[in-house]
Amino acid sequence: MAQLIRPEEQLESTGKVSLTRILVTTDFTPESDHALDYAISLARRYNSRIYLAHVISPDPFFYSEPALAATTYEKVRQAAELGIASILASGKLRGISHEVFLQEGNVWPALEELMKKHEIELVVTGTHSRGTVQKLLLGSIAEEIFRQADCPVLTLGPQAHPAPGPGVEYKNILFATDFGAGAKKAAAYAFSLAQEHASRLHLLHVIEEPAAFSEDSIRRQKDAMIERLRQLIPDGAECWCKTELRACYGEPTEEILMHAREYNADLIVMGAKIRSNLAGHFPVTIAHNVVTKATCPLLTVRG
């Protein structure tokens with residue numbers, strides 16, 4: 001068996017990230033249909049193979065009487081089979097290399113197994129808008145994925161614009177970073193996409209609280225953060241990518257969304273902190289807030 005080459009290793013050796021194997025999750029909601037349409041547009045741009053997956057989780061049947069659970073499960077499976085059949089009958093995937101999977105079990109372990117087996121390079125998923133209480137109780141499957149996936153995850157929220165035409169084009173990319181452990185890796189993906197699409201790349205850092213309050217100290221703090229952003233720019237990037245660096249004060253989610261609107265961003269790129277236990281059940285995080293309110297997709301790269 002060939003040794004698995006991680007996307008970041010490929011990026012280091014070639015300067016480009018391959019997106020030839022894309023896993024798309026579906027629960028047959030409008031949000032996941034939107035995600036599939038977007039993945040198809042990406043697949044046409046990158047000549048990708050799509051792996052479409054739906055996972056039937058045992059959770060809804062856990063507390064039911066065995067006979068009722070069996071009956072309910074059979075109805076759920078039939079509905080899932082009908083959902084898959086409907087997608088295939090729609091012709092959306094015509095001309096796209098694809099495989100379809102109907103899995104059983106807990107969502108993340110089932111998806112993780114598929115990702116490893118098929119050496120997935122990108123996951124595309126949709127997400128619903130849930131409040132803090134709902135998120136704590138029910139969790140966010142999308143966040144569970146991007147907090148644990150080894151590859152980048154592209155998430156489309158309920159406010160995201162419809163999928164583009166036959167090929168995705170990123171003319172304006174916003175890379176927002178808090179300089180966490182995965183900042184360099186996430187920046188590398190942002191620059192690789194910017195090179196591929198001849199994009200304008202906007203680098204942003206939001207400072208939540210000023211270290212001091214004099215005008216001079218605030219200016220120095222901003223200058224220091226901009227210099228840290230500059231250090232994330234690869235050598236020679238000025239030959240193929242127009243960049244803009246900005247550091248500002250404010251609440252991170254609000255500032256990221258405001259700058260995304262100002263730049264007319266086609267894509268937001270952020271790092272994602274590693275969380276393995278209850279990854280989708282944390283109180284509302286910046287990444288979760290951004291993806292549920294942004295009008296463009298969010299690409300997260302785990303640190």
# chains A, B, ... in the order shown; residues from 1 in each chain; ligands from 1

call {"tool": "select_by_dssp", "arguments": {"residues": "region 157-297 of chain A", "states": "strand (DSSP E)", "output": "PyMOL selection string"}}
result
chain A and resi 172-176+200-207+242-249+267-272

call {"tool": "write_last_selection", "arguments": {"atoms": "C-alpha atoms", "output": "PDB file, in the first residue's frame"}}
result
ATOM      1  CA  ASN A 172     -10.776  37.706  -2.509  1.00  0.00           C
ATOM      2  CA  ILE A 173      -9.645  35.489   0.360  1.00  0.00           C
ATOM      3  CA  LEU A 174      -9.699  36.616   3.990  1.00  0.00           C
ATOM      4  CA  PHE A 175      -7.240  34.837   6.270  1.00  0.00           C
ATOM      5  CA  ALA A 176      -8.015  35.565   9.930  1.00  0.00           C
ATOM      6  CA  ARG A 200      -6.143  39.151  -3.449  1.00  0.00           C
ATOM      7  CA  LEU A 201      -5.340  37.828   0.024  1.00  0.00           C
ATOM      8  CA  HIS A 202      -6.268  39.851   3.110  1.00  0.00           C
ATOM      9  CA  LEU A 203      -4.510  38.902   6.367  1.00  0.00           C
ATOM     10  CA  LEU A 204      -6.311  39.957   9.543  1.00  0.00           C
ATOM     11  CA  HIS A 205      -5.581  39.785  13.249  1.00  0.00           C
ATOM     12  CA  VAL A 206      -8.136  41.011  15.768  1.00  0.00           C
ATOM     13  CA  ILE A 207      -6.852  42.281  19.116  1.00  0.00           C
ATOM     14  CA  LYS A 242      -1.535  40.849  -3.773  1.00  0.00           C
ATOM     15  CA  THR A 243      -1.691  40.980   0.012  1.00  0.00           C
ATOM     16  CA  GLU A 244      -3.141  43.417   2.521  1.00  0.00           C
ATOM     17  CA  LEU A 245      -2.261  43.251   6.224  1.00  0.00           C
ATOM     18  CA  ARG A 246      -4.511  44.607   8.920  1.00  0.00           C
ATOM     19  CA  ALA A 247      -4.604  44.518  12.727  1.00  0.00           C
ATOM     20  CA  CYS A 248      -7.583  45.987  14.544  1.00  0.00           C
ATOM     21  CA  TYR A 249      -9.284  46.053  17.929  1.00  0.00           C
ATOM     22  CA  LEU A 267     -13.625  32.512   1.213  1.00  0.00           C
ATOM     23  CA  ILE A 268     -12.582  32.888   4.844  1.00  0.00           C
ATOM     24  CA  VAL A 269      -9.629  30.815   6.073  1.00  0.00           C
ATOM     25  CA  MET A 270      -8.992  30.213   9.769  1.00  0.00           C
ATOM     26  CA  GLY A 271      -7.030  27.827  11.946  1.00  0.00           C
ATOM     27  CA  ALA A 272      -8.961  25.402  14.157  1.00  0.00           C
TER      28      ALA A 272
END

call {"tool": "closest_atom_pairs", "arguments": {"of": "region 181-216 of chain A", "to": "region 144-164 of chain A", "cutoff": "12 Å", "atoms": "only C-alpha atoms", "output": "CSV"}}
result
residue,atom,partner,partner_atom,distance
A:Gly182,CA,A:Pro152,CA,11.6
A:Lys185,CA,A:Pro152,CA,10.2
A:Ala186,CA,A:Pro152,CA,8.7
A:Ala187,CA,A:Pro152,CA,12.0
A:Ala188,CA,A:Pro152,CA,11.6
A:Tyr189,CA,A:Pro152,CA,8.7
A:Ala190,CA,A:Pro152,CA,10.9

call {"tool": "write_last_selection", "arguments": {"atoms": "C-alpha atoms", "output": "CSV table (one decimal), in the first residue's frame"}}
result
chain,number,residue,atom,x,y,z
A,182,GLY,CA,-1.8,26.1,13.4
A,185,LYS,CA,-0.2,25.8,8.4
A,186,ALA,CA,-3.5,27.6,7.8
A,187,ALA,CA,-1.6,30.5,6.1
A,188,ALA,CA,0.1,28.1,3.8
A,189,TYR,CA,-3.2,26.8,2.6
A,190,ALA,CA,-4.5,30.4,2.2

call {"tool": "residues_around", "arguments": {"residues": "Ala79 (chain A)", "least_positions_apart": "5", "cutoff": "12 Å", "atoms": "only C-alpha atoms", "output": "ChimeraX atom specification"}}
result
/A:27-28,54,56,72-74,84-86,102

call {"tool": "closest_residue", "arguments": {"among": "A:Val168, A:Ile286, A:Leu82, A:Ala110", "to": "Arg44 (chain A)", "atoms": "only C-alpha atoms"}}
result
A:Val168

call {"tool": "select_by_dssp", "arguments": {"residues": "region 65-288 of chain A", "states": "alpha helix (DSSP H)", "output": "PyMOL selection string"}}
result
chain A and resi 66-89+107-117+132-138+141-148+183-197+215-230+252-262+286-288

call {"tool": "closest_residue", "arguments": {"among": "A:Thr253, A:Ser192, A:Thr300, A:Ser214", "to": "Val124 (chain A)", "atoms": "only C-alpha atoms"}}
result
A:Thr300

call {"tool": "closest_residue", "arguments": {"among": "A:Lys184, A:His128, A:Lys92, A:His197", "to": "Lys293 (chain A)", "atoms": "only C-alpha atoms"}}
result
A:His128

call {"tool": "closest_residue", "arguments": {"among": "A:Ile233, A:Glu196, A:Glu208, A:Glu99", "to": "Gln221 (chain A)", "atoms": "only C-alpha atoms"}}
result
A:Glu208

call {"tool": "decode", "arguments": {"residues": "region 257-269 of chain A", "atoms": "N, CA and C atoms", "output": "short mmCIF file (atom, residue, chain, number, x, y, z; two decimals), in the first residue's frame"}}
result
data_model
loop_
_atom_site.label_atom_id
_atom_site.label_comp_id
_atom_site.auth_asym_id
_atom_site.auth_seq_id
_atom_site.Cartn_x
_atom_site.Cartn_y
_atom_site.Cartn_z
N LEU A 257 -16.33 39.13 10.31
CA LEU A 257 -17.47 39.23 9.40
C LEU A 257 -17.52 40.60 8.71
N MET A 258 -17.20 41.65 9.45
CA MET A 258 -17.21 42.99 8.86
C MET A 258 -16.15 43.10 7.77
N HIS A 259 -14.96 42.58 8.04
CA HIS A 259 -13.90 42.64 7.03
C HIS A 259 -14.22 41.74 5.83
N ALA A 260 -14.87 40.62 6.08
CA ALA A 260 -15.28 39.74 4.97
C ALA A 260 -16.24 40.49 4.04
N ARG A 261 -17.16 41.25 4.64
CA ARG A 261 -18.09 42.05 3.82
C ARG A 261 -17.35 43.16 3.09
N GLU A 262 -16.45 43.84 3.82
CA GLU A 262 -15.71 44.96 3.22
C GLU A 262 -14.87 44.50 2.03
N TYR A 263 -14.26 43.31 2.16
CA TYR A 263 -13.39 42.80 1.10
C TYR A 263 -14.15 42.01 0.04
N ASN A 264 -15.46 41.84 0.26
CA ASN A 264 -16.25 41.00 -0.65
C ASN A 264 -15.61 39.62 -0.77
N ALA A 265 -15.30 39.04 0.39
CA ALA A 265 -14.55 37.78 0.43
C ALA A 265 -15.36 36.63 -0.17
N ASP A 266 -14.69 35.82 -0.98
CA ASP A 266 -15.27 34.60 -1.52
C ASP A 266 -15.00 33.42 -0.59
N LEU A 267 -14.04 33.59 0.31
CA LEU A 267 -13.63 32.51 1.21
C LEU A 267 -12.97 33.13 2.43
N ILE A 268 -13.28 32.55 3.60
CA ILE A 268 -12.58 32.89 4.84
C ILE A 268 -11.76 31.68 5.25
N VAL A 269 -10.51 31.89 5.61
CA VAL A 269 -9.63 30.82 6.07
C VAL A 269 -9.24 31.09 7.51
#
